[in-house]
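J.: run29.cif is reproduced below (mmCIF, C-alpha atoms and all ligand atoms).
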data_start
#
loop_
_atom_site.label_atom_id
_atom_site.label_comp_id
_atom_site.auth_asym_id
_atom_site.auth_seq_id
_atom_site.Cartn_x
_atom_site.Cartn_y
_atom_site.Cartn_z
CA MET M 122 44.99 1.33 -26.04
CA GLU M 123 47.26 2.39 -23.17
CA ALA M 124 46.05 5.94 -22.42
CA PRO M 125 46.24 6.72 -18.66
CA PHE M 126 42.57 7.64 -18.46
CA ILE M 127 41.58 4.02 -18.98
CA ARG M 128 43.44 2.74 -15.93
CA GLU M 129 42.34 5.75 -13.89
CA GLU M 130 38.71 5.21 -14.72
CA ILE M 131 38.88 1.52 -13.89
CA GLN M 132 40.53 2.37 -10.56
CA GLU M 133 37.81 4.90 -9.85
CA LEU M 134 35.11 2.27 -10.48
CA GLU M 135 36.97 -0.11 -8.18
CA ALA M 136 37.26 2.48 -5.39
CA LYS M 137 33.54 3.22 -5.52
CA GLY M 138 32.58 -0.45 -5.46
CA LEU M 139 31.17 -0.09 -8.99
CA ARG M 140 33.56 -2.27 -11.01
CA ARG M 141 31.71 -5.06 -12.79
CA SER M 142 33.09 -8.38 -13.86
CA LEU M 143 31.86 -11.43 -15.71
CA ARG M 144 31.14 -14.72 -14.01
CA GLU M 145 30.87 -17.86 -16.08
CA VAL M 146 28.05 -20.36 -16.09
CA SER M 147 28.62 -23.81 -17.53
CA GLY M 148 25.79 -26.18 -18.30
CA PRO M 149 22.15 -25.15 -18.60
CA GLN M 150 20.36 -22.21 -16.97
CA GLY M 151 18.20 -23.68 -14.23
CA LYS M 152 17.41 -23.02 -10.60
CA GLU M 153 20.82 -24.52 -9.93
CA ILE M 154 23.74 -23.52 -12.09
CA ILE M 155 27.44 -24.26 -12.29
CA LEU M 156 28.99 -20.87 -11.61
CA ASP M 157 32.75 -20.60 -12.14
CA GLY M 158 32.92 -24.37 -11.75
CA ARG M 159 30.78 -24.63 -8.60
CA LYS M 160 27.14 -25.64 -8.16
CA VAL M 161 25.04 -22.83 -6.64
CA LEU M 162 21.37 -22.14 -6.07
CA ASN M 163 20.32 -19.41 -8.47
CA PHE M 164 18.25 -16.48 -7.22
CA CYS M 165 19.14 -13.89 -9.82
CA SER M 166 17.75 -15.15 -13.09
CA ASN M 167 14.86 -13.77 -15.13
CA ASN M 168 14.15 -17.32 -16.27
CA TYR M 169 11.03 -17.04 -14.10
CA LEU M 170 9.14 -20.08 -15.35
CA GLY M 171 12.19 -22.31 -15.69
CA LEU M 172 11.75 -22.63 -19.46
CA ALA M 173 15.33 -21.78 -20.50
CA ASP M 174 16.38 -25.45 -20.42
CA ASP M 175 12.96 -27.00 -21.11
CA PRO M 176 13.43 -30.04 -23.40
CA ARG M 177 10.53 -28.90 -25.59
CA LEU M 178 12.21 -25.58 -26.39
CA ILE M 179 15.46 -27.38 -27.08
CA GLN M 180 13.73 -29.88 -29.39
CA SER M 181 12.02 -27.07 -31.33
CA ALA M 182 15.35 -25.34 -31.80
CA VAL M 183 17.02 -28.59 -32.90
CA ASN M 184 14.25 -29.34 -35.43
CA SER M 185 14.59 -25.85 -36.84
CA LEU M 186 18.39 -26.13 -37.03
CA LYS M 187 18.04 -29.33 -39.04
CA GLN M 188 15.45 -27.90 -41.40
CA GLU M 189 16.60 -24.30 -41.77
CA GLY M 190 20.24 -24.25 -40.74
CA PHE M 191 21.66 -21.74 -38.31
CA GLY M 192 22.25 -18.23 -39.67
CA SER M 193 19.55 -16.24 -41.41
CA GLY M 194 22.01 -14.58 -43.79
CA ALA M 195 20.67 -11.04 -43.99
CA SER M 196 18.27 -8.47 -42.61
CA ARG M 197 14.68 -9.67 -42.55
CA LEU M 198 13.93 -7.01 -45.18
CA VAL M 199 16.52 -8.50 -47.54
CA CYS M 200 16.44 -12.31 -47.55
CA GLY M 201 16.60 -13.11 -43.84
CA ASN M 202 12.88 -13.29 -43.14
CA MET M 203 12.41 -16.96 -42.31
CA GLU M 204 9.22 -18.97 -42.04
CA SER M 205 9.78 -19.39 -38.29
CA HIS M 206 9.83 -15.61 -37.80
CA ARG M 207 6.36 -15.33 -39.37
CA LYS M 208 5.06 -18.30 -37.40
CA LEU M 209 6.26 -16.81 -34.12
CA GLU M 210 4.72 -13.43 -34.94
CA GLU M 211 1.40 -15.03 -35.79
CA ALA M 212 1.44 -17.14 -32.62
CA LEU M 213 2.25 -14.08 -30.53
CA ALA M 214 -0.48 -11.96 -32.11
CA LYS M 215 -2.99 -14.73 -31.46
CA PHE M 216 -1.80 -15.20 -27.88
CA LYS M 217 -1.78 -11.46 -27.15
CA LYS M 218 -5.12 -11.00 -28.98
CA ILE M 219 -3.65 -8.13 -30.95
CA GLU M 220 -3.70 -7.45 -34.69
CA ARG M 221 -0.02 -7.83 -35.37
CA CYS M 222 3.36 -8.51 -33.77
CA LEU M 223 6.89 -7.83 -34.89
CA PHE M 224 9.85 -9.89 -33.67
CA PHE M 225 12.97 -7.90 -32.77
CA ALA M 226 16.49 -9.16 -32.12
CA SER M 227 16.31 -8.18 -28.42
CA GLY M 228 14.31 -6.11 -25.97
CA TYR M 229 17.03 -3.48 -26.00
CA MET M 230 16.83 -3.19 -29.77
CA ALA M 231 13.03 -3.17 -29.73
CA ASN M 232 12.84 -0.21 -27.36
CA VAL M 233 15.52 1.75 -29.15
CA GLY M 234 13.93 1.04 -32.54
CA ILE M 235 10.26 1.55 -31.70
CA ILE M 236 10.62 4.89 -29.91
CA SER M 237 12.94 6.42 -32.49
CA ALA M 238 10.76 5.14 -35.34
CA LEU M 239 7.64 6.90 -34.09
CA PHE M 240 8.75 10.08 -32.34
CA ASP M 241 11.01 12.98 -33.29
CA ARG M 242 12.09 16.55 -32.45
CA GLU M 243 8.57 17.91 -32.55
CA ASP M 244 7.29 15.41 -29.98
CA VAL M 245 7.56 14.95 -26.23
CA VAL M 246 8.10 11.72 -24.29
CA PHE M 247 7.17 11.34 -20.62
CA SER M 248 9.18 8.56 -19.05
CA ASP M 249 9.21 7.14 -15.51
CA LYS M 250 12.51 7.86 -13.78
CA LEU M 251 13.11 4.15 -13.19
CA ASN M 252 12.43 3.00 -16.76
CA HIS M 253 14.88 0.54 -18.28
CA ALA M 254 18.07 1.85 -19.91
CA SER M 255 16.89 0.74 -23.37
CA ILE M 256 13.88 3.08 -23.09
CA ILE M 257 16.11 5.96 -22.07
CA ASP M 258 18.42 5.29 -25.02
CA GLY M 259 15.46 5.08 -27.41
CA ILE M 260 14.16 8.46 -26.29
CA ILE M 261 17.59 10.07 -26.61
CA LEU M 262 17.96 8.60 -30.10
CA SER M 263 14.52 9.89 -31.14
CA ARG M 264 15.55 13.50 -30.31
CA ALA M 265 12.10 14.12 -28.82
CA GLN M 266 11.81 16.34 -25.74
CA PHE M 267 12.63 14.00 -22.85
CA LYS M 268 10.59 14.59 -19.68
CA ARG M 269 11.27 12.29 -16.76
CA TYR M 270 8.69 12.08 -14.01
CA PRO M 271 9.47 10.81 -10.50
CA HIS M 272 8.82 7.11 -10.10
CA ASN M 273 5.10 6.33 -10.43
CA ASP M 274 4.22 9.97 -9.60
CA MET M 275 0.92 10.48 -11.42
CA MET M 276 0.49 14.04 -10.11
CA ALA M 277 3.76 15.04 -11.74
CA LEU M 278 2.85 13.22 -14.96
CA GLY M 279 -0.53 14.97 -15.08
CA GLU M 280 1.13 18.36 -14.50
CA GLY M 281 3.63 17.69 -17.27
CA LEU M 282 0.97 16.62 -19.75
CA LYS M 283 -1.14 19.67 -18.95
CA SER M 284 1.60 21.92 -20.27
CA ALA M 285 2.56 19.84 -23.31
CA SER M 286 -0.13 20.81 -25.79
CA GLN M 287 2.36 22.60 -28.06
CA TYR M 288 4.06 19.34 -29.07
CA ARG M 289 2.90 17.48 -32.15
CA LYS M 290 2.66 14.11 -30.35
CA ARG M 291 2.86 13.09 -26.72
CA LEU M 292 4.02 9.67 -25.50
CA ILE M 293 3.88 8.22 -22.00
CA ILE M 294 6.21 5.27 -21.63
CA THR M 295 6.71 2.96 -18.69
CA ASP M 296 7.97 -0.44 -17.61
CA SER M 297 4.88 -2.35 -16.45
CA VAL M 298 6.95 -4.21 -13.83
CA PHE M 299 10.06 -2.26 -12.85
CA SER M 300 13.11 -4.39 -13.38
CA MET M 301 15.08 -3.42 -10.27
CA ASP M 302 12.26 -2.51 -7.85
CA GLY M 303 9.76 -5.23 -8.73
CA ASP M 304 6.75 -2.95 -8.36
CA PHE M 305 3.90 -2.23 -10.78
CA ALA M 306 3.33 0.92 -12.82
CA PRO M 307 -0.09 2.50 -12.17
CA LEU M 308 -1.24 1.67 -15.69
CA GLN M 309 -4.93 2.52 -15.13
CA GLU M 310 -4.05 6.06 -14.15
CA ILE M 311 -1.54 6.35 -16.99
CA VAL M 312 -4.20 5.28 -19.50
CA ARG M 313 -6.68 7.75 -17.97
CA LEU M 314 -4.20 10.63 -18.21
CA ALA M 315 -3.30 9.67 -21.78
CA LYS M 316 -6.96 9.85 -22.80
CA LYS M 317 -7.42 13.17 -21.05
CA TYR M 318 -4.40 14.81 -22.67
CA GLY M 319 -4.33 13.07 -26.05
CA ALA M 320 -1.13 11.08 -25.45
CA PHE M 321 0.01 7.69 -26.72
CA VAL M 322 0.89 4.95 -24.24
CA MET M 323 3.75 2.50 -24.63
CA VAL M 324 4.30 -0.26 -22.06
CA ASP M 325 7.38 -2.45 -21.61
CA GLU M 326 6.14 -5.84 -20.39
CA ALA M 327 9.61 -7.43 -20.18
CA HIS M 328 9.08 -8.70 -16.63
CA ALA M 329 5.32 -9.25 -16.87
CA PHE M 330 4.95 -11.29 -20.05
CA GLY M 331 4.29 -14.91 -19.06
CA VAL M 332 4.01 -13.89 -15.40
CA PHE M 333 0.92 -11.70 -14.93
CA GLY M 334 -2.61 -11.84 -16.29
CA LYS M 335 -4.97 -14.80 -16.21
CA ASN M 336 -3.47 -16.02 -19.48
CA GLY M 337 0.05 -14.72 -18.90
CA ARG M 338 -0.27 -11.89 -21.39
CA GLY M 339 1.18 -9.36 -18.96
CA LEU M 340 0.19 -6.57 -16.59
CA VAL M 341 -1.98 -4.95 -19.26
CA GLU M 342 -4.11 -8.10 -19.19
CA HIS M 343 -3.94 -8.37 -15.38
CA LEU M 344 -5.32 -4.83 -14.99
CA GLY M 345 -8.02 -5.24 -17.64
CA LEU M 346 -6.49 -2.65 -19.97
CA GLU M 347 -6.26 -4.64 -23.18
CA GLY M 348 -7.23 -2.50 -26.15
CA GLN M 349 -6.26 0.68 -24.29
CA VAL M 350 -2.48 0.62 -24.66
CA ASP M 351 -1.21 1.75 -28.06
CA ILE M 352 2.17 0.02 -28.10
CA GLN M 353 3.16 -3.05 -26.13
CA MET M 354 6.60 -4.56 -26.15
CA GLY M 355 8.09 -7.40 -24.19
CA THR M 356 11.04 -9.71 -24.36
CA LEU M 357 11.18 -13.43 -24.99
CA SER M 358 14.38 -13.67 -22.98
CA LYS M 359 12.90 -13.75 -19.49
CA ALA M 360 9.78 -15.80 -18.59
CA ALA M 361 9.75 -17.31 -22.09
CA GLY M 362 13.28 -18.62 -21.52
CA ALA M 363 14.27 -17.87 -25.12
CA PHE M 364 15.61 -14.74 -26.79
CA GLY M 365 14.44 -11.78 -28.86
CA ALA M 366 11.53 -9.44 -28.26
CA TYR M 367 8.14 -8.47 -29.60
CA CYS M 368 6.27 -5.31 -30.37
CA CYS M 369 2.47 -5.65 -30.61
CA GLY M 370 -0.13 -3.24 -31.84
CA SER M 371 -2.37 -2.35 -34.75
CA ASN M 372 -1.56 -3.45 -38.28
CA GLU M 373 -0.65 0.09 -39.27
CA LEU M 374 1.54 0.68 -36.24
CA ILE M 375 3.60 -2.42 -37.02
CA GLU M 376 3.74 -1.48 -40.70
CA LEU M 377 5.27 1.88 -39.83
CA ILE M 378 7.74 0.40 -37.33
CA LEU M 379 8.81 -2.20 -39.87
CA ASN M 380 9.59 0.63 -42.29
CA ARG M 381 11.29 2.96 -39.86
CA ALA M 382 12.92 1.16 -36.91
CA ARG M 383 16.62 1.20 -37.67
CA SER M 384 17.38 -1.52 -35.11
CA PHE M 385 15.02 -3.77 -37.09
CA ILE M 386 16.02 -2.74 -40.61
CA TYR M 387 19.79 -2.69 -40.23
CA THR M 388 20.39 -5.93 -38.41
CA THR M 389 20.42 -9.57 -39.44
CA GLY M 390 17.31 -11.63 -38.68
CA LEU M 391 17.64 -13.82 -35.60
CA PRO M 392 18.42 -17.48 -36.26
CA SER M 393 15.27 -19.48 -37.04
CA SER M 394 16.00 -21.81 -34.15
CA VAL M 395 15.61 -18.90 -31.73
CA ALA M 396 12.19 -18.03 -33.16
CA ALA M 397 11.13 -21.68 -33.11
CA ALA M 398 12.10 -22.06 -29.44
CA ALA M 399 10.31 -18.80 -28.59
CA GLU M 400 7.17 -20.00 -30.35
CA LYS M 401 7.23 -23.19 -28.28
CA ALA M 402 7.62 -21.08 -25.13
CA VAL M 403 4.52 -19.05 -26.01
CA GLU M 404 2.61 -22.30 -26.45
CA ILE M 405 3.78 -23.54 -23.03
CA ILE M 406 2.95 -20.25 -21.32
CA ALA M 407 -0.60 -20.51 -22.71
CA ALA M 408 -1.02 -24.18 -21.78
CA GLU M 409 0.62 -24.32 -18.34
CA PRO M 410 -0.80 -21.62 -16.04
CA GLU M 411 0.35 -23.65 -13.02
CA ARG M 412 3.89 -22.44 -13.72
CA ARG M 413 2.99 -18.82 -13.09
CA ARG M 414 0.83 -19.73 -10.09
CA GLN M 415 3.81 -21.51 -8.53
CA LEU M 416 6.11 -18.62 -9.42
CA LEU M 417 3.86 -16.08 -7.69
CA LYS M 418 3.49 -18.36 -4.67
CA ASN M 419 7.27 -18.66 -4.40
CA ALA M 420 7.67 -14.91 -4.83
CA ASP M 421 5.20 -14.25 -1.99
CA ALA M 422 7.07 -16.68 0.26
CA VAL M 423 10.44 -15.07 -0.52
CA ARG M 424 9.11 -11.58 0.11
CA ALA M 425 7.33 -12.50 3.34
CA GLY M 426 10.39 -14.39 4.61
CA LEU M 427 12.77 -11.54 3.86
CA LYS M 428 10.47 -8.98 5.48
CA ALA M 429 10.14 -11.17 8.59
CA ILE M 430 13.95 -11.17 8.94
CA GLY M 431 13.84 -7.38 8.86
CA PHE M 432 14.95 -6.55 5.32
CA ASP M 433 13.50 -3.66 3.34
CA THR M 434 12.01 -5.18 0.19
CA MET M 435 10.87 -1.77 -1.06
CA ALA M 436 7.54 -1.77 -2.94
CA SER M 437 8.00 -5.20 -4.56
CA GLN M 438 4.82 -7.01 -5.67
CA THR M 439 6.39 -9.40 -8.15
CA PRO M 440 9.00 -12.19 -8.46
CA ILE M 441 11.62 -9.41 -8.39
CA VAL M 442 12.31 -8.83 -4.70
CA PRO M 443 14.89 -6.13 -3.98
CA VAL M 444 16.67 -6.12 -0.63
CA LEU M 445 17.78 -2.57 0.00
CA ILE M 446 21.35 -2.30 1.30
CA LYS M 447 22.05 1.30 0.14
CA ASP M 448 25.87 1.13 0.16
CA ALA M 449 27.38 -0.36 -3.01
CA VAL M 450 30.47 -1.86 -1.32
CA LEU M 451 28.34 -3.49 1.37
CA ALA M 452 25.91 -4.88 -1.22
CA VAL M 453 28.82 -6.55 -3.03
CA GLU M 454 30.17 -7.99 0.21
CA PHE M 455 26.71 -9.33 1.09
CA SER M 456 26.46 -11.01 -2.29
CA LYS M 457 29.95 -12.55 -1.87
CA LYS M 458 29.08 -13.99 1.53
CA LEU M 459 25.88 -15.51 0.14
CA LEU M 460 27.89 -17.07 -2.65
CA ASP M 461 30.26 -18.60 -0.07
CA GLN M 462 27.14 -20.41 1.20
CA GLY M 463 26.19 -21.54 -2.31
CA ILE M 464 23.46 -18.94 -2.86
CA PHE M 465 23.75 -16.72 -5.94
CA VAL M 466 22.12 -13.29 -5.59
CA GLN M 467 23.59 -10.38 -7.54
CA ALA M 468 24.29 -6.98 -6.03
CA ILE M 469 22.82 -4.19 -8.15
CA ARG M 470 24.65 -0.90 -8.02
CA PRO M 471 24.58 2.54 -9.65
CA PRO M 472 24.17 3.46 -12.44
CA THR M 473 21.66 0.60 -12.80
CA VAL M 474 19.91 1.94 -9.67
CA PRO M 475 20.05 5.46 -8.14
CA VAL M 476 23.10 6.35 -6.01
CA GLY M 477 22.57 5.31 -2.38
CA SER M 478 20.09 2.57 -3.28
CA ALA M 479 22.39 -0.37 -3.99
CA ARG M 480 20.55 -3.58 -3.36
CA LEU M 481 20.46 -7.31 -3.71
CA ARG M 482 18.01 -8.31 -6.41
CA VAL M 483 16.45 -11.62 -5.43
CA THR M 484 14.33 -13.27 -8.10
CA ALA M 485 12.06 -16.23 -7.52
CA MET M 486 11.51 -18.97 -10.07
CA ALA M 487 8.61 -21.39 -10.48
CA THR M 488 11.06 -24.27 -10.19
CA HIS M 489 12.40 -23.36 -6.72
CA THR M 490 11.21 -25.81 -4.08
CA SER M 491 10.28 -24.88 -0.52
CA GLU M 492 13.65 -26.32 0.60
CA ASP M 493 15.40 -23.97 -1.85
CA LEU M 494 13.51 -21.01 -0.40
CA GLU M 495 14.41 -22.08 3.13
CA ARG M 496 18.08 -22.26 2.18
CA LEU M 497 17.92 -18.75 0.73
CA LEU M 498 16.23 -17.32 3.81
CA LYS M 499 18.60 -19.08 6.21
CA SER M 500 21.64 -17.64 4.44
CA MET M 501 20.07 -14.19 4.13
CA ARG M 502 19.38 -14.23 7.88
CA GLU M 503 22.94 -15.26 8.76
CA VAL M 504 24.66 -12.75 6.48
CA GLY M 505 22.15 -10.03 7.45
CA ARG M 506 23.00 -10.57 11.12
CA GLU M 507 26.70 -10.42 10.44
CA LEU M 508 26.80 -7.43 8.09
CA LEU M 509 23.73 -5.38 8.98
CA ARG M 510 23.21 -6.44 12.62
CA LEU M 511 19.61 -7.35 11.92
N1 LIG M 601 13.13 -3.79 -20.85
C1 LIG M 601 13.25 -4.14 -19.57
C2 LIG M 601 12.30 -3.57 -18.56
C3 LIG M 601 14.26 -5.05 -19.18
O1 LIG M 601 14.41 -5.40 -17.91
C4 LIG M 601 15.12 -5.57 -20.17
C5 LIG M 601 16.18 -6.61 -19.83
N2 LIG M 601 17.08 -6.30 -18.87
C6 LIG M 601 14.97 -5.14 -21.49
C7 LIG M 601 13.96 -4.27 -21.80
C8 LIG M 601 15.91 -5.63 -22.56
O2 LIG M 601 15.53 -6.88 -22.99
P1 LIG M 601 16.58 -7.88 -23.68
O3 LIG M 601 17.34 -8.50 -22.56
O4 LIG M 601 15.73 -8.83 -24.44
O5 LIG M 601 17.45 -7.03 -24.56
#
What is this structure when it is put down as C-alpha cells?
T.:
Amino acid sequence: MEAPFIREEIQELEAKGLRRSLREVSGPQGKEIILDGRKVLNFCSNNYLGLADDPRLIQSAVNSLKQEGFGSGASRLVCGNMESHRKLEEALAKFKKIERCLFFASGYMANVGIISALFDREDVVFSDKLNHASIIDGIILSRAQFKRYPHNDMMALGEGLKSASQYRKRLIITDSVFSMDGDFAPLQEIVRLAKKYGAFVMVDEAHAFGVFGKNGRGLVEHLGLEGQVDIQMGTLSKAAGAFGAYCCGSNELIELILNRARSFIYTTGLPSSVAAAAEKAVEIIAAEPERRRQLLKNADAVRAGLKAIGFDTMASQTPIVPVLIKDAVLAVEFSKKLLDQGIFVQAIRPPTVPVGSARLRVTAMATHTSEDLERLLKSMREVGRELLRL
C-alpha cells in the first residue's frame, strides 16, 4: 500500500520520537543476551526469576514435543484440548488454592476474553487510568460503561461507585503491580469499596505472579486478600519464563468464561510443550522461594542506587524501576548511550505511558549479580551526568 498517509504518519512518529523498531535477540533469554549480534547486560526483561532458559523448562517442553508433537490442531473446544493443558490448569489451581483455572493463549487474550465474556452494555467497569492496554481493550470490547479513575485514587473510585447503582453489574479492575510504574494497587481498599457498593473485583497479577506473596501466588496473597478477589488473572510469560496466561476463580466463573470468552473459543489451543514448560515453572516457583527473595533484594539495590544518583524512580516498590526522563526523545537518547556501554534498558514512551512521562524502565532479575548491578549504576550515573546534568 503506497497511500501518502502511511509515509506521513511514520514521519510524524519519527519527529515526535515515538517511532518504534524491532531489535533482534539471538540465543537464549538470560540476564545477558546477544542483541543485534552483540552481548549486552539485560535490564529490560520480565523474565524476573531467570526461568526463561532454565534447563528444566526446556526438558519438559522437549519431552512433551516427543510425546505429543507440536501443534494442537484446533480450538480447545474442538479437538485441541491436550492432556498437558489440563495438567497445567490443575497444577495452577492447586498452587493458587483456587477452585479452578483456565489457560489462555496469552495475557492479552485473557483480559480481552474475560472482561467481554462477563460484562455488557448494562454494566459499568471502573478501571485504573494506568491499567494495561489489554484491560482497556477488553472493556471497550465488552461495550460496558467505561469509567477510568485517576491512578490509585480511592476517593475517586468510591465517588464513582456511589453513583453507579443503576447498572446491572459493577466491576473494579486493576493491575496489581503496574507494568510501567512498578507500584502496587491499593487492593485492600479496592476490596473494601467493592463490598460496600456490591461490585466485582478483577485483578491482573501479570507482574506479581511468582514475585510477591510468601508462596509466590501474587499481590493478592501478599496482602492477605485470598478468597476476596472474584477474578484473578496472570501471565505465564513473565516470572514463569514461559508463555500463555491463566484465569482463576470459582468453578462456575470458569465454566461461564469457557463458554463465552471469544479469545478462548475461537483460537487454537497452545502447543502442549508450552503448557508443559509452564507447569514446570509453577513447580519451580513453589519449590524455590530463594529466587524471589534474591529478585526483591536486587530490586531494592537497583532502586536505592538509582535514587542515590538523583533519579526519580516514581512510586516503584517492585522489580520494575522506572527512571523518569519526561521527554521521549531524551529517553531514547539515554537508552542508546546505555547500550553503547553494553547495558540494555528500554525507553518507554507514549502511548504506553502518559505524554510527558517518558521513562527508562529498568527491571531487576534474580540472576543479576552485584557486579551486574554495579555496572548498571555506573553507566546510569555517567549518562545521567552527561544528558541530565545530575
Ligand atoms: N497484563 C499486564 C499488566 C501486562 O504487563 C501484560 C504484558 N505486557 C499483559 C497483561 C499481557 O500479557 P501477555 O504478554 O502474556 O500477553
J.: Considering all atoms listed in the file, can you say which of M:Arg128, M:Lys401, M:Lys317, M:Lys428 comes closest to M:Leu278?
T.: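 Answer, going by the shortest atom-to-atom distance: M:Lys317.
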J.: With all atoms listed in the file counted, collect every polymer residue having an atom within 7 Å of ligand LIG 601 (chain M); state the result as a PDB file with C-alpha atoms, in the frame of the given file.
T.:
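Written file, part-v2.pdb:
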ATOM      1  CA  SER M 227      16.310  -8.180 -28.420  1.00  0.00           C
ATOM      2  CA  GLY M 228      14.310  -6.110 -25.970  1.00  0.00           C
ATOM      3  CA  TYR M 229      17.030  -3.480 -26.000  1.00  0.00           C
ATOM      4  CA  MET M 230      16.830  -3.190 -29.770  1.00  0.00           C
ATOM      5  CA  ASN M 232      12.840  -0.210 -27.360  1.00  0.00           C
ATOM      6  CA  ASN M 252      12.430   3.000 -16.760  1.00  0.00           C
ATOM      7  CA  HIS M 253      14.880   0.540 -18.280  1.00  0.00           C
ATOM      8  CA  SER M 255      16.890   0.740 -23.370  1.00  0.00           C
ATOM      9  CA  ASP M 296       7.970  -0.440 -17.610  1.00  0.00           C
ATOM     10  CA  PHE M 299      10.060  -2.260 -12.850  1.00  0.00           C
ATOM     11  CA  SER M 300      13.110  -4.390 -13.380  1.00  0.00           C
ATOM     12  CA  ASP M 325       7.380  -2.450 -21.610  1.00  0.00           C
ATOM     13  CA  GLU M 326       6.140  -5.840 -20.390  1.00  0.00           C
ATOM     14  CA  ALA M 327       9.610  -7.430 -20.180  1.00  0.00           C
ATOM     15  CA  HIS M 328       9.080  -8.700 -16.630  1.00  0.00           C
ATOM     16  CA  THR M 356      11.040  -9.710 -24.360  1.00  0.00           C
ATOM     17  CA  LEU M 357      11.180 -13.430 -24.990  1.00  0.00           C
ATOM     18  CA  SER M 358      14.380 -13.670 -22.980  1.00  0.00           C
ATOM     19  CA  PHE M 364      15.610 -14.740 -26.790  1.00  0.00           C
ATOM     20  CA  GLY M 365      14.440 -11.780 -28.860  1.00  0.00           C
ATOM     21  CA  ALA M 366      11.530  -9.440 -28.260  1.00  0.00           C
TER      22      ALA M 366
END
J.: At a cut-off of 8 Å, using all atoms listed in the file, what residues contact stretch 183-198 of chain M? Leave out same-chain residues fewer than 5 positions from it and give the result as an MDAnalysis selection string.
T.: chainID M and resid 203 385:394 397
J.: Keeping only C-alpha atoms, write the selected residues as a PDB file, keeping the file's coordinate frame.
T.:
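Wrote it out as out-v6.pdb, contents follow:
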ATOM      1  CA  MET M 203      12.410 -16.960 -42.310  1.00  0.00           C
ATOM      2  CA  PHE M 385      15.020  -3.770 -37.090  1.00  0.00           C
ATOM      3  CA  ILE M 386      16.020  -2.740 -40.610  1.00  0.00           C
ATOM      4  CA  TYR M 387      19.790  -2.690 -40.230  1.00  0.00           C
ATOM      5  CA  THR M 388      20.390  -5.930 -38.410  1.00  0.00           C
ATOM      6  CA  THR M 389      20.420  -9.570 -39.440  1.00  0.00           C
ATOM      7  CA  GLY M 390      17.310 -11.630 -38.680  1.00  0.00           C
ATOM      8  CA  LEU M 391      17.640 -13.820 -35.600  1.00  0.00           C
ATOM      9  CA  PRO M 392      18.420 -17.480 -36.260  1.00  0.00           C
ATOM     10  CA  SER M 393      15.270 -19.480 -37.040  1.00  0.00           C
ATOM     11  CA  SER M 394      16.000 -21.810 -34.150  1.00  0.00           C
ATOM     12  CA  ALA M 397      11.130 -21.680 -33.110  1.00  0.00           C
TER      13      ALA M 397
END
J.: Between M:Ala329, M:Ile352, M:Ala361, M:Met276, single out the one closest to M:Leu292, counting only C-alpha atoms.
T.: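 Of M:Ala329, M:Ile352, M:Ala361, M:Met276, the one nearest M:Leu292, counting only C-alpha atoms, is M:Ile352.
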J.: Just the residues within 7 Å of M:Asp157, please, counting all atoms listed in the file, with nothing from its chain fewer than 6 positions along; format it as a ChimeraX atom specification.
T.: /M:144-146
J.: Taking only C-alpha atoms into account, produce a table as CSV in which each residue of stretch 270-374 of chain M with an atom at most 12 Å from an atom of stretch 417-425 of chain M appears once, together with its shortest atom pair and the distance in Å to one decimal, ordered by chain and rising number.
T.:
residue,atom,partner,partner_atom,distance
M:Gly303,CA,M:Ala420,CA,10.6
M:Ala329,CA,M:Leu417,CA,11.5
M:Gly331,CA,M:Leu417,CA,11.4
M:Val332,CA,M:Leu417,CA,8.0
M:Phe333,CA,M:Leu417,CA,9.0
M:Gly334,CA,M:Leu417,CA,11.6
M:Gly337,CA,M:Leu417,CA,11.9
J.: Provide the atom CA of M:Glu409 to atom CA of M:Leu172 distance in Å, to one decimal place.
T.: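 About the pair atom CA of M:Glu409 and atom CA of M:Leu172: they are 11.3 Å apart.
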J.: Considering all atoms listed in the file, can you say which of M:Ile131, M:Cys200, M:Val298, M:Ala363 comes closest to M:Ala436?
T.: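 Closest residue, counting all atoms listed in the file: M:Val298.
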J.: Tell me which of M:Cys368, M:Ala285, M:Leu139, M:Leu213 sits closest to M:Glu404, counting only C-alpha atoms.
T.: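 So, comparing all the options, the nearest one is M:Leu213.
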J.: Between atom CA of M:Phe330 and atom CA of M:Ser478, what is the distance in Å, rounded to a tenth?
T.: 26.5 Å
